[in-house]
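Okay, input32.txt now, which holds compact mmCIF, C-alpha atoms and all ligand atoms:
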```txt
# COMPACT_ATOMS: atom_id res chain seq x y z
CA MET A 1 19.39 103.42 6.27
CA ARG A 2 18.08 105.08 3.10
CA VAL A 3 14.77 103.64 2.00
CA LEU A 4 12.92 104.00 -1.30
CA LEU A 5 9.14 104.02 -0.83
CA SER A 6 7.24 103.15 -3.99
CA GLY A 7 3.71 104.51 -3.58
CA GLY A 8 4.99 106.54 -0.64
CA ALA A 9 2.52 109.41 -1.20
CA GLY A 10 -0.39 107.06 -0.49
CA TYR A 11 -2.26 106.46 2.75
CA ILE A 12 0.01 103.86 4.33
CA GLY A 13 3.16 105.08 2.55
CA ALA A 14 2.94 108.63 3.92
CA HIS A 15 2.49 107.40 7.50
CA THR A 16 5.38 104.98 7.04
CA ALA A 17 7.60 107.71 5.59
CA LEU A 18 7.06 109.74 8.74
CA ALA A 19 7.68 106.74 11.03
CA LEU A 20 10.93 105.93 9.21
CA ILE A 21 12.18 109.52 9.49
CA GLU A 22 11.25 109.58 13.18
CA ALA A 23 13.26 106.35 13.62
CA GLY A 24 16.32 108.07 12.11
CA HIS A 25 16.16 106.73 8.55
CA HIS A 26 16.28 108.62 5.25
CA VAL A 27 13.36 108.35 2.85
CA ILE A 28 12.91 108.90 -0.89
CA VAL A 29 9.57 108.41 -2.64
CA VAL A 30 8.44 107.40 -6.12
CA ASP A 31 4.72 107.75 -6.81
CA ASP A 32 2.71 108.44 -9.97
CA LEU A 33 0.04 110.18 -7.86
CA SER A 34 -2.61 108.01 -9.55
CA ASN A 35 -4.36 107.63 -6.19
CA SER A 36 -2.71 110.27 -4.03
CA SER A 37 -1.55 113.85 -3.80
CA ALA A 38 1.91 115.40 -3.55
CA GLU A 39 0.39 117.37 -0.67
CA ALA A 40 0.80 114.24 1.50
CA ILE A 41 4.58 114.48 1.07
CA VAL A 42 4.52 118.21 1.76
CA ARG A 43 2.78 117.42 5.05
CA VAL A 44 5.23 114.63 5.93
CA GLN A 45 7.97 117.21 5.45
CA GLN A 46 6.06 119.69 7.59
CA LEU A 47 5.63 117.15 10.41
CA SER A 48 9.18 115.82 10.30
CA GLY A 49 11.09 118.96 9.37
CA VAL A 50 13.01 116.85 6.86
CA ALA A 51 13.03 117.08 3.06
CA VAL A 52 11.63 114.04 1.25
CA PRO A 53 12.64 113.78 -2.41
CA LEU A 54 9.65 112.73 -4.56
CA LEU A 55 9.86 111.39 -8.10
CA VAL A 56 6.48 111.60 -9.81
CA ALA A 57 6.62 108.58 -12.11
CA ASP A 58 5.17 105.17 -12.72
CA VAL A 59 7.50 102.63 -11.07
CA ARG A 60 7.28 100.58 -14.25
CA ASP A 61 9.37 103.32 -15.89
CA GLU A 62 12.61 101.50 -15.04
CA PRO A 63 15.06 104.05 -16.52
CA ALA A 64 13.43 106.89 -14.51
CA LEU A 65 13.46 104.78 -11.35
CA ARG A 66 17.11 103.77 -11.84
CA ALA A 67 18.17 107.38 -12.39
CA PHE A 68 16.33 108.43 -9.22
CA VAL A 69 17.97 105.66 -7.19
CA GLN A 70 21.39 106.54 -8.59
CA ALA A 71 20.86 110.22 -7.72
CA HIS A 72 20.22 109.21 -4.09
CA SER A 73 22.75 106.40 -3.83
CA PRO A 74 23.26 104.39 -1.73
CA VAL A 75 19.70 103.14 -1.27
CA ASP A 76 19.61 100.25 1.22
CA ALA A 77 16.03 98.98 0.98
CA VAL A 78 12.69 99.35 -0.77
CA ILE A 79 9.20 99.32 0.69
CA HIS A 80 6.89 98.52 -2.20
CA PHE A 81 3.45 100.03 -1.59
CA ALA A 82 2.70 101.05 -5.19
CA GLY A 83 -0.26 99.33 -6.78
CA ALA A 84 -3.95 99.53 -7.47
CA LYS A 85 -6.12 98.34 -4.58
CA ALA A 86 -9.86 98.47 -5.32
CA VAL A 87 -11.29 94.96 -5.18
CA GLY A 88 -14.41 95.69 -7.27
CA GLU A 89 -12.41 97.56 -9.90
CA SER A 90 -10.05 94.58 -10.18
CA VAL A 91 -12.99 92.32 -11.05
CA ALA A 92 -14.17 94.79 -13.73
CA ASP A 93 -10.69 95.43 -15.18
CA PRO A 94 -8.45 92.47 -14.32
CA ILE A 95 -5.86 93.12 -17.04
CA ARG A 96 -5.11 96.57 -15.64
CA TYR A 97 -4.68 95.05 -12.17
CA TYR A 98 -2.28 92.37 -13.39
CA ASP A 99 -0.45 94.95 -15.49
CA VAL A 100 -0.06 97.58 -12.76
CA ASN A 101 0.47 95.36 -9.73
CA LEU A 102 2.61 92.59 -11.21
CA GLY A 103 4.42 95.00 -13.56
CA SER A 104 5.26 97.34 -10.68
CA ALA A 105 6.64 94.57 -8.47
CA ILE A 106 8.75 93.13 -11.29
CA ALA A 107 10.10 96.56 -12.28
CA VAL A 108 11.07 97.30 -8.68
CA LEU A 109 12.86 93.94 -8.34
CA LYS A 110 14.74 94.51 -11.60
CA VAL A 111 15.88 97.97 -10.53
CA MET A 112 16.89 96.58 -7.12
CA ALA A 113 19.04 93.90 -8.79
CA ALA A 114 20.63 96.44 -11.13
CA GLU A 115 21.36 98.87 -8.31
CA ARG A 116 22.36 96.18 -5.76
CA ILE A 117 19.59 96.90 -3.26
CA SER A 118 19.19 93.80 -1.13
CA ALA A 119 16.05 94.28 1.00
CA ILE A 120 12.39 94.64 0.07
CA VAL A 121 9.27 94.88 2.20
CA PHE A 122 6.04 94.32 0.30
CA SER A 123 2.45 95.42 1.06
CA SER A 124 0.52 92.17 1.00
CA SER A 125 -2.95 91.74 2.40
CA ALA A 126 -5.16 89.55 4.56
CA THR A 127 -7.12 89.09 1.36
CA VAL A 128 -4.66 86.28 0.42
CA TYR A 129 -6.40 84.06 3.02
CA GLY A 130 -9.61 84.17 0.99
CA GLN A 131 -12.46 82.24 2.59
CA SER A 132 -10.21 80.43 5.08
CA GLU A 133 -12.24 78.92 7.92
CA SER A 134 -9.46 78.65 10.50
CA LEU A 135 -9.46 81.58 12.92
CA PRO A 136 -7.46 83.44 13.98
CA LEU A 137 -5.55 83.54 10.70
CA SER A 138 -1.89 82.69 11.10
CA GLU A 139 0.82 82.90 8.47
CA SER A 140 0.44 79.15 7.94
CA SER A 141 -3.32 79.36 7.29
CA PRO A 142 -4.21 78.26 3.77
CA THR A 143 -3.72 80.75 0.94
CA GLY A 144 -3.85 80.23 -2.76
CA ILE A 145 -4.45 82.00 -5.98
CA ASP A 146 -7.92 80.52 -5.84
CA LEU A 147 -9.13 83.88 -4.51
CA ALA A 148 -12.36 85.69 -5.27
CA ASN A 149 -10.82 88.65 -7.06
CA PRO A 150 -7.86 89.61 -9.28
CA TYR A 151 -6.59 92.14 -6.72
CA GLY A 152 -6.10 89.38 -4.14
CA LYS A 153 -4.50 87.15 -6.74
CA THR A 154 -1.92 89.82 -7.57
CA LYS A 155 -0.94 89.98 -3.89
CA ARG A 156 -0.53 86.20 -3.66
CA ILE A 157 1.39 86.03 -6.94
CA ILE A 158 3.77 88.81 -5.87
CA GLU A 159 4.42 86.94 -2.60
CA ALA A 160 5.39 83.91 -4.70
CA ILE A 161 7.63 86.04 -6.95
CA LEU A 162 9.42 87.40 -3.87
CA GLU A 163 9.89 83.90 -2.46
CA ASP A 164 11.39 82.72 -5.77
CA ALA A 165 13.62 85.81 -6.03
CA ALA A 166 14.93 85.26 -2.50
CA SER A 167 15.73 81.61 -3.13
CA ALA A 168 17.57 82.49 -6.36
CA ASP A 169 19.57 85.29 -4.70
CA PRO A 170 20.94 84.29 -1.29
CA GLY A 171 21.74 87.94 -0.50
CA LEU A 172 18.14 89.15 -0.91
CA ALA A 173 15.87 89.82 2.08
CA ALA A 174 12.20 89.82 1.03
CA ILE A 175 9.39 90.34 3.52
CA ALA A 176 5.67 90.25 2.78
CA LEU A 177 3.49 92.03 5.34
CA ARG A 178 -0.11 90.89 5.31
CA TYR A 179 -2.06 93.91 6.51
CA PHE A 180 -5.45 93.34 8.05
CA ASN A 181 -7.78 96.39 7.89
CA PRO A 182 -5.76 99.62 8.07
CA VAL A 183 -7.64 102.55 9.63
CA GLY A 184 -6.94 105.80 11.48
CA ALA A 185 -4.74 108.77 10.73
CA HIS A 186 -1.83 110.69 12.17
CA PRO A 187 -2.93 112.31 15.45
CA SER A 188 -1.88 115.74 14.12
CA GLY A 189 -4.81 115.64 11.69
CA LEU A 190 -2.39 116.51 8.88
CA ILE A 191 -2.14 113.17 7.09
CA GLY A 192 -4.82 110.53 6.64
CA GLU A 193 -6.75 108.42 4.17
CA ASP A 194 -8.07 110.37 1.18
CA PRO A 195 -9.97 107.97 -1.08
CA SER A 196 -11.19 109.39 -4.37
CA GLY A 197 -14.92 109.17 -4.99
CA VAL A 198 -17.26 107.25 -2.70
CA PRO A 199 -15.19 105.12 -0.29
CA ASN A 200 -15.44 101.32 -0.56
CA ASN A 201 -14.10 100.68 2.93
CA LEU A 202 -16.10 101.01 6.12
CA MET A 203 -14.03 103.51 8.15
CA PRO A 204 -13.69 106.22 5.47
CA TYR A 205 -17.35 105.75 4.60
CA VAL A 206 -18.39 106.25 8.24
CA ALA A 207 -16.12 109.31 8.44
CA ARG A 208 -17.77 110.87 5.37
CA VAL A 209 -21.22 110.27 6.87
CA ALA A 210 -20.11 111.81 10.18
CA VAL A 211 -18.90 114.94 8.40
CA GLY A 212 -22.17 115.21 6.45
CA ALA A 213 -20.77 114.42 2.99
CA LEU A 214 -22.75 111.18 2.72
CA GLU A 215 -26.20 110.47 4.08
CA ARG A 216 -26.01 107.16 5.92
CA VAL A 217 -23.86 104.08 6.31
CA GLY A 218 -25.18 100.95 4.61
CA ILE A 219 -24.51 97.94 6.82
CA PHE A 220 -23.71 94.99 4.57
CA GLY A 221 -25.61 92.26 6.37
CA ASP A 222 -26.75 91.81 9.99
CA ASP A 223 -27.44 88.09 9.73
CA TYR A 224 -23.89 86.72 9.99
CA ASP A 225 -23.03 84.14 12.62
CA THR A 226 -21.32 86.76 14.81
CA PRO A 227 -22.27 88.19 18.24
CA ASP A 228 -24.27 91.12 16.78
CA GLY A 229 -24.87 89.69 13.28
CA THR A 230 -22.51 92.11 11.48
CA GLY A 231 -19.13 91.29 9.96
CA GLN A 232 -16.04 91.34 12.16
CA ARG A 233 -12.62 92.60 11.06
CA ASP A 234 -9.19 93.23 12.55
CA TYR A 235 -8.82 97.03 12.28
CA ILE A 236 -5.21 98.12 12.68
CA HIS A 237 -4.27 101.75 13.32
CA VAL A 238 -2.10 103.06 10.49
CA LEU A 239 0.52 104.28 13.00
CA ASP A 240 0.90 100.72 14.32
CA LEU A 241 1.10 99.51 10.73
CA ALA A 242 3.78 102.10 9.94
CA ALA A 243 5.77 100.97 12.98
CA GLY A 244 5.49 97.40 11.68
CA HIS A 245 7.31 98.42 8.50
CA VAL A 246 10.13 100.03 10.48
CA ALA A 247 10.44 96.86 12.58
CA ALA A 248 10.40 94.64 9.47
CA LEU A 249 13.20 96.65 7.85
CA GLU A 250 15.29 96.74 10.97
CA HIS A 251 14.97 92.95 11.44
CA ALA A 252 15.38 92.05 7.74
CA ARG A 253 17.52 88.96 7.15
CA ALA A 254 18.38 87.24 3.86
CA GLY A 255 15.60 84.95 2.66
CA TYR A 256 11.83 85.27 2.33
CA ASP A 257 9.48 85.73 5.26
CA VAL A 258 5.86 86.73 5.82
CA PHE A 259 4.10 88.39 8.74
CA ASN A 260 0.53 89.24 9.65
CA LEU A 261 0.13 92.83 10.83
CA GLY A 262 -3.08 93.16 12.81
CA THR A 263 -4.33 93.50 16.37
CA GLY A 264 -5.76 90.01 16.83
CA VAL A 265 -9.02 91.63 18.05
CA PRO A 266 -12.21 91.22 15.99
CA VAL A 267 -14.45 94.34 15.86
CA SER A 268 -17.92 94.32 14.30
CA VAL A 269 -19.43 96.87 11.94
CA LEU A 270 -21.79 98.03 14.69
CA GLU A 271 -18.95 98.29 17.21
CA LEU A 272 -16.91 100.43 14.82
CA ILE A 273 -19.86 102.74 14.17
CA ALA A 274 -20.51 103.08 17.92
CA ALA A 275 -16.84 103.89 18.52
CA PHE A 276 -16.99 106.56 15.81
CA GLU A 277 -20.11 108.08 17.33
CA ARG A 278 -18.27 108.40 20.65
CA ALA A 279 -15.24 109.95 18.94
CA ALA A 280 -17.24 112.45 16.88
CA GLY A 281 -19.86 113.18 19.53
CA ARG A 282 -22.66 112.79 17.02
CA SER A 283 -24.94 110.02 15.86
CA ILE A 284 -24.33 108.30 12.55
CA PRO A 285 -27.38 107.29 10.50
CA THR A 286 -27.33 103.68 9.30
CA GLU A 287 -29.39 101.38 7.14
CA VAL A 288 -29.16 97.60 7.03
CA LEU A 289 -28.57 96.32 3.50
CA GLY A 290 -27.96 92.84 2.13
CA ARG A 291 -24.60 91.10 2.36
CA ARG A 292 -21.89 92.37 -0.01
CA PRO A 293 -20.86 89.63 -2.47
CA GLY A 294 -17.45 88.17 -1.66
CA ASP A 295 -17.41 89.27 2.01
CA VAL A 296 -16.34 86.86 4.73
CA ALA A 297 -18.18 86.96 8.06
CA VAL A 298 -15.08 87.21 10.24
CA SER A 299 -11.42 87.98 9.64
CA TYR A 300 -8.81 88.55 12.33
CA CYS A 301 -5.25 87.47 12.78
CA ASP A 302 -2.84 85.85 15.13
CA PRO A 303 -0.14 88.56 15.20
CA SER A 304 2.21 86.61 17.48
CA LYS A 305 4.84 85.84 14.83
CA ALA A 306 5.46 89.58 14.29
CA GLY A 307 5.62 89.96 18.07
CA ARG A 308 8.18 87.18 18.41
CA VAL A 309 10.40 87.88 15.40
CA LEU A 310 9.99 91.63 14.81
CA ASP A 311 9.38 92.65 18.42
CA TRP A 312 6.28 94.47 17.18
CA ILE A 313 2.80 94.68 18.61
CA ALA A 314 -0.20 96.85 17.73
CA SER A 315 -0.94 99.05 20.73
CA ARG A 316 -3.73 101.32 19.52
CA THR A 317 -7.45 100.61 19.86
CA ILE A 318 -10.46 101.14 17.61
CA ASP A 319 -11.30 104.19 19.77
CA ASP A 320 -7.86 105.65 19.02
CA ALA A 321 -8.40 105.01 15.31
CA CYS A 322 -11.87 106.63 15.30
CA ARG A 323 -10.60 109.66 17.22
CA ASP A 324 -7.72 110.18 14.78
CA THR A 325 -9.86 109.53 11.69
CA TRP A 326 -12.42 112.03 12.95
CA ARG A 327 -9.74 114.67 13.55
CA TRP A 328 -8.34 114.12 10.03
CA GLN A 329 -11.78 114.07 8.35
CA SER A 330 -13.20 117.08 10.20
CA ARG A 331 -10.09 119.20 9.60
CA ASN A 332 -9.77 118.12 5.94
CA PRO A 333 -13.34 117.59 4.71
CA ALA A 334 -12.07 117.62 1.09
CA GLY A 335 -9.01 115.49 1.84
CA TYR A 336 -5.78 116.91 0.46
CA GLY A 337 -7.55 119.18 -1.99
CA SER A 338 -9.53 119.35 -5.16
CA ALA A 339 -8.97 117.26 -8.26
CA ALA A 340 -7.58 120.38 -9.95
CA ASP A 341 -4.93 120.67 -7.23
CA ARG A 342 -4.02 117.05 -7.80
CA ARG A 343 -3.62 117.58 -11.51
CA ALA A 344 -1.47 120.64 -10.91
CA ALA A 345 0.70 118.69 -8.48
CA ALA A 346 1.00 115.79 -10.92
CA SER A 347 2.15 118.05 -13.73
CA GLY A 348 5.53 118.63 -12.02
CA SER A 349 8.05 115.83 -12.29
CA GLN A 350 10.02 116.08 -9.07
CA LEU A 351 9.37 117.64 -5.72
CA GLY A 352 12.82 118.15 -4.34
CA ALA A 353 14.13 119.31 -1.04
CA GLY A 354 12.52 122.10 0.89
CA ALA A 355 8.95 122.69 1.96
CA ALA A 356 10.05 121.58 5.42
P1 LIG A 401 -2.92 104.09 -1.72
O1 LIG A 401 -3.65 103.98 -3.01
O2 LIG A 401 -3.21 105.25 -0.84
O3 LIG A 401 -1.33 104.02 -1.99
C1 LIG A 401 -0.78 103.42 -3.13
C2 LIG A 401 0.09 104.45 -3.82
O4 LIG A 401 0.72 103.88 -4.95
C3 LIG A 401 -0.70 105.68 -4.29
O5 LIG A 401 -0.07 106.85 -3.83
C4 LIG A 401 -0.65 105.58 -5.82
O6 LIG A 401 -0.65 106.86 -6.42
C5 LIG A 401 0.65 104.84 -6.02
N1 LIG A 401 0.75 104.06 -7.25
C6 LIG A 401 -0.15 103.18 -7.77
N2 LIG A 401 0.33 102.63 -8.90
C7 LIG A 401 1.57 103.16 -9.10
C8 LIG A 401 2.58 102.97 -10.07
N3 LIG A 401 2.41 102.12 -11.09
N4 LIG A 401 3.72 103.69 -9.97
C9 LIG A 401 3.89 104.55 -8.95
N5 LIG A 401 2.98 104.75 -7.98
C10 LIG A 401 1.84 104.07 -8.06
O7 LIG A 401 -3.14 102.72 -0.94
P2 LIG A 401 -2.73 102.31 0.54
O8 LIG A 401 -3.97 102.04 1.27
O9 LIG A 401 -1.72 103.23 1.08
O10 LIG A 401 -2.08 100.90 0.22
C11 LIG A 401 -0.69 100.72 0.03
C12 LIG A 401 -0.44 99.29 -0.34
O11 LIG A 401 -0.97 98.45 0.68
C13 LIG A 401 -1.11 98.85 -1.64
O12 LIG A 401 -0.24 97.96 -2.31
C14 LIG A 401 -2.34 98.11 -1.15
O13 LIG A 401 -2.75 97.13 -2.08
C15 LIG A 401 -1.84 97.48 0.13
N6 LIG A 401 -2.91 97.18 1.10
C16 LIG A 401 -3.79 98.17 1.45
C17 LIG A 401 -4.82 97.88 2.35
C18 LIG A 401 -5.84 98.92 2.73
O14 LIG A 401 -6.94 98.54 3.12
N7 LIG A 401 -5.53 100.20 2.64
C19 LIG A 401 -4.91 96.59 2.90
C20 LIG A 401 -3.97 95.62 2.54
C21 LIG A 401 -2.97 95.94 1.62
C1 LIG A 402 -15.20 95.94 6.50
C2 LIG A 402 -16.54 95.45 7.03
C3 LIG A 402 -18.13 94.96 5.30
C4 LIG A 402 -18.46 99.12 3.93
C5 LIG A 402 -11.17 95.28 2.04
C6 LIG A 402 -10.51 94.48 0.96
C7 LIG A 402 -9.21 93.91 1.45
C8 LIG A 402 -8.31 94.99 2.07
C9 LIG A 402 -9.05 95.89 3.00
C10 LIG A 402 -6.64 95.66 0.55
C11 LIG A 402 -17.13 94.29 6.24
C12 LIG A 402 -18.61 96.12 6.14
C13 LIG A 402 -18.12 97.96 4.59
C14 LIG A 402 -19.78 99.64 4.08
C15 LIG A 402 -20.30 97.81 5.55
N1 LIG A 402 -7.75 95.86 1.09
N2 LIG A 402 -19.02 97.32 5.40
N3 LIG A 402 -20.64 98.96 4.90
O1 LIG A 402 -13.88 94.05 2.98
O2 LIG A 402 -12.62 93.59 5.13
O3 LIG A 402 -11.41 94.45 3.17
O4 LIG A 402 -10.28 96.33 2.43
O5 LIG A 402 -5.93 94.70 0.58
O6 LIG A 402 -8.62 93.30 0.37
O7 LIG A 402 -11.38 93.43 0.58
O8 LIG A 402 -12.93 95.97 4.36
O9 LIG A 402 -13.73 98.17 5.06
O10 LIG A 402 -14.63 97.17 2.93
O11 LIG A 402 -15.31 96.19 5.11
O12 LIG A 402 -21.11 97.24 6.29
O13 LIG A 402 -20.15 100.66 3.48
O14 LIG A 402 -17.50 96.51 6.91
O15 LIG A 402 -19.19 94.14 4.92
O16 LIG A 402 -17.80 93.47 7.16
P1 LIG A 402 -12.81 94.41 3.90
P2 LIG A 402 -14.14 96.96 4.32
```

Please, can you express the file's structure as structure tokens?
Amino acid sequence: MRVLLSGGAGYIGAHTALALIEAGHHVIVVDDLSNSSAEAIVRVQQLSGVAVPLLVADVRDEPALRAFVQAHSPVDAVIHFAGAKAVGESVADPIRYYDVNLGSAIAVLKVMAAERISAIVFSSSATVYGQSESLPLSESSPTGIDLANPYGKTKRIIEAILEDAASADPGLAAIALRYFNPVGAHPSGLIGEDPSGVPNNLMPYVARVAVGALERVGIFGDDYDTPDGTGQRDYIHVLDLAAGHVAALEHARAGYDVFNLGTGVPVSVLELIAAFERAAGRSIPTEVLGRRPGDVAVSYCDPSKAGRVLDWIASRTIDDACRDTWRWQSRNPAGYGSAADRRAAASGSQLGAGAA
């Protein structure tokens, strides 16, 4: 099938683009490069040997998106990754988060209806479970919009929009994938996570310390009620996550459905750092700090529904993820390039065929 990836130049989008191509699908990408680089698409083309058309535009620009879809007709499905994702930023600037995230989802759904595209897979998040006490988290665990931050609320609201859209249109297949903590990189070392500025998330922060770009990892609390006192998360390798999107698309049926994508294995902050030290063959300086406001002690999922319905299971370990992150980080200490390169890339409007 031909699949439109909104936000496909981003971390998860680029890995998913490659997985889709490897599974025999065709991919086109729309991305405004607000948090990514066109270089990611160049590298997907390099790895796959296949041209990936890229429209550099905001997905809320409906006429531009429609024209792009029409130029690549027929498009069978959309994977909607595009959105802003920094939790702290969403608290500081909630209107921008509602504008970008809700506006993007609505624009994509409108273009899908106009162009008769009947399947959408959406990047939701474990964040929709908020402070839920029941572990492991299953798809029926409580969610709500009573969440700590606007970012999480946008994810929950978009899930509800998709559910309503699917009940109004019996031909529409809408799937929300609730990612747990995506980590890792492609084993080639060519594509990986390239956060701008100082990373918020643990794995990219640890990687920057390992490469010498940051001094030490601050551990946000060692007094949680967990085996070693540090927070536990369900870290899923981005290649497993990418495979989950392929499985979701290939199993898509009319109606709305939701799946957790995680490993089901809790890993602590100290365990992740120790795994990274093994992968990089060097010690990583740490410092224990206070708890980060809004953090839960433990979050991990029951991934069995995705196993049962999508025939998908995460097979990679935290050691695999640290090895691949280290390869990516050590080979690309400045990520995909300087800010100037990004601006130059963003000044074009379309990256067409070629570069393979
Ligand atoms: P990312 O920032 O690397 O990718 C998002 C992409 O969307 C970027 O390339 C960005 O330039 C693009 N984009 C943003 N707004 C846009 C707009 N209006 N129009 C066009 N493009 C736009 O992030 P990611 O980690 O790859 O995450 C992908 C999706 O998964 C996001 O929706 C995110 O909220 C969700 N998610 C991420 C995580 C995580 O920890 N990485 C966890 C759960 C859910
Ligand atoms: C993991 C663990 C921290 C950084 C966030 C978002 C969530 C989702 C994924 C999008 C926690 C600890 C972290 C550091 C630390 N994103 N930590 N030192 O908070 O589980 O999830 O990203 O949907 O919405 O909230 O991930 O990587 O920030 O933290 O000790 O410098 O590492 O306290 O226990 P989190 P994280």

List the spatial neighbours of Val75 of chain A as an mmCIF file with C-alpha atoms, keeping the file's coordinate frame - criterion: any atom at most 7 Å away, only C-alpha atoms, same-chain residues fewer than 4 positions off excluded.
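Ended up saving to selection_22.cif:
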```cif
data_model
loop_
_atom_site.group_PDB
_atom_site.id
_atom_site.type_symbol
_atom_site.label_atom_id
_atom_site.label_comp_id
_atom_site.auth_asym_id
_atom_site.auth_seq_id
_atom_site.Cartn_x
_atom_site.Cartn_y
_atom_site.Cartn_z
ATOM 1 C CA ARG A 2 18.080 105.080 3.100
ATOM 2 C CA VAL A 3 14.770 103.640 2.000
ATOM 3 C CA LEU A 4 12.920 104.000 -1.300
ATOM 4 C CA VAL A 69 17.970 105.660 -7.190
ATOM 5 C CA ILE A 117 19.590 96.900 -3.260
#
```

Output, as lines of an AutoDock Vina configuration file, the centre and edge lengths in Å (one decimal) of the axis-aligned box that contains all listed atoms of segment 318-329 of chain A with 8 Å of margin on each side.
```
center_x = -10.1
center_y = 107.9
center_z = 14.1
size_x = 20.7
size_y = 29.5
size_z = 27.4
```

Using all atoms listed in the file, determine which residues fall within 7 Å of ligand LIG 402 (chain A), then list them as a list of chain:residue names. A:Lys85, A:Val87, A:Ser124, A:Ser125, A:Ala126, A:Thr127, A:Gly152, A:Phe180, A:Asn181, A:Asn200, A:Asn201, A:Leu202, A:Met203, A:Tyr205, A:Val217, A:Gly218, A:Ile219, A:Phe220, A:Gly221, A:Thr230, A:Gly231, A:Gln232, A:Arg233, A:Val269, A:Arg291, A:Arg292, A:Asp295, A:Ala297

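For the atom pair formed by atom CA of Asp169 of chain A and atom CA of Leu109 of chain A, the distance is 11.5 Å, given to one decimal.
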
Give me the residues of chain A that have any atom at most 8 Å from an atom of ligand LIG 401 (chain A); for each, the nearest atom pair and the distance in Å, rounded to one decimal. Use only C-alpha atoms and all ligand atoms, sort by chain and number, and format it as a Markdown table.
```
| residue | atom | partner | partner_atom | distance |
| --- | --- | --- | --- | --- |
| A:Ser6 | CA | A:LIG401 | N5 | 6.1 |
| A:Gly7 | CA | A:LIG401 | O4 | 3.3 |
| A:Gly8 | CA | A:LIG401 | O5 | 6.0 |
| A:Ala9 | CA | A:LIG401 | O5 | 4.5 |
| A:Gly10 | CA | A:LIG401 | O5 | 3.4 |
| A:Tyr11 | CA | A:LIG401 | O9 | 3.7 |
| A:Ile12 | CA | A:LIG401 | O9 | 3.7 |
| A:Gly13 | CA | A:LIG401 | O9 | 5.4 |
| A:Ala14 | CA | A:LIG401 | O9 | 7.7 |
| A:Val30 | CA | A:LIG401 | C9 | 6.1 |
| A:Asp31 | CA | A:LIG401 | N5 | 3.7 |
| A:Asp32 | CA | A:LIG401 | C9 | 4.2 |
| A:Leu33 | CA | A:LIG401 | O6 | 3.7 |
| A:Ser34 | CA | A:LIG401 | O6 | 3.9 |
| A:Asn35 | CA | A:LIG401 | O6 | 3.8 |
| A:Ser36 | CA | A:LIG401 | O5 | 4.3 |
| A:Ser37 | CA | A:LIG401 | O5 | 7.2 |
| A:Val56 | CA | A:LIG401 | C9 | 7.6 |
| A:Ala57 | CA | A:LIG401 | C9 | 5.8 |
| A:Asp58 | CA | A:LIG401 | N4 | 3.4 |
| A:Val59 | CA | A:LIG401 | N4 | 4.1 |
| A:Arg60 | CA | A:LIG401 | N3 | 6.0 |
| A:His80 | CA | A:LIG401 | O12 | 7.2 |
| A:Phe81 | CA | A:LIG401 | C12 | 4.2 |
| A:Ala82 | CA | A:LIG401 | O4 | 3.5 |
| A:Gly83 | CA | A:LIG401 | N2 | 4.0 |
| A:Ala84 | CA | A:LIG401 | C6 | 5.3 |
| A:Lys85 | CA | A:LIG401 | O13 | 4.4 |
| A:Ala86 | CA | A:LIG401 | O13 | 7.9 |
| A:Val100 | CA | A:LIG401 | N3 | 5.4 |
| A:Asn101 | CA | A:LIG401 | N3 | 7.2 |
| A:Gly103 | CA | A:LIG401 | N3 | 7.8 |
| A:Ser104 | CA | A:LIG401 | N3 | 5.6 |
| A:Phe122 | CA | A:LIG401 | O12 | 7.7 |
| A:Ser123 | CA | A:LIG401 | O11 | 4.6 |
| A:Ser124 | CA | A:LIG401 | C21 | 5.2 |
| A:Ser125 | CA | A:LIG401 | C20 | 4.0 |
| A:Ala126 | CA | A:LIG401 | C20 | 6.5 |
| A:Thr127 | CA | A:LIG401 | C20 | 7.3 |
| A:Tyr151 | CA | A:LIG401 | O13 | 7.8 |
| A:Lys155 | CA | A:LIG401 | O13 | 7.6 |
| A:Arg178 | CA | A:LIG401 | C20 | 6.7 |
| A:Tyr179 | CA | A:LIG401 | C20 | 4.7 |
| A:Phe180 | CA | A:LIG401 | C19 | 6.1 |
| A:Asn181 | CA | A:LIG401 | O14 | 5.3 |
| A:Pro182 | CA | A:LIG401 | O14 | 5.2 |
| A:Val183 | CA | A:LIG401 | N7 | 7.7 |
| A:Glu193 | CA | A:LIG401 | O2 | 6.9 |
| A:Asp194 | CA | A:LIG401 | O2 | 7.3 |
| A:Pro195 | CA | A:LIG401 | O2 | 7.3 |
| A:Asn201 | CA | A:LIG401 | O14 | 7.5 |
```

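Nearest to Ser330 of chain A of all the residues A:Gly189, A:Pro199, A:Gly255, A:Gly262 is A:Gly189, counting only C-alpha atoms.
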
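Ranking A:Leu147, A:Ile175, A:Cys322, A:Leu190 by their shortest atom-to-atom distance to Gln131 of chain A, with all atoms listed in the file included, puts A:Leu147 first.
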
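Using only C-alpha atoms, the smallest distance between any of A:Val211, A:Ala71, A:Ala77, A:Ile157 and Ile106 of chain A comes from A:Ile157.
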
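For the point (16.4, 102.2, -16.4), the residues with an atom at a distance of at most 12 Å are Val59, Arg60, Asp61, Glu62, Pro63, Ala64, Leu65, Arg66, Ala67, Phe68, Val69, Gln70, Ala107, Val108, Lys110, Val111, Met112, Ala113, Ala114 and Glu115 of chain A, counting all atoms listed in the file.
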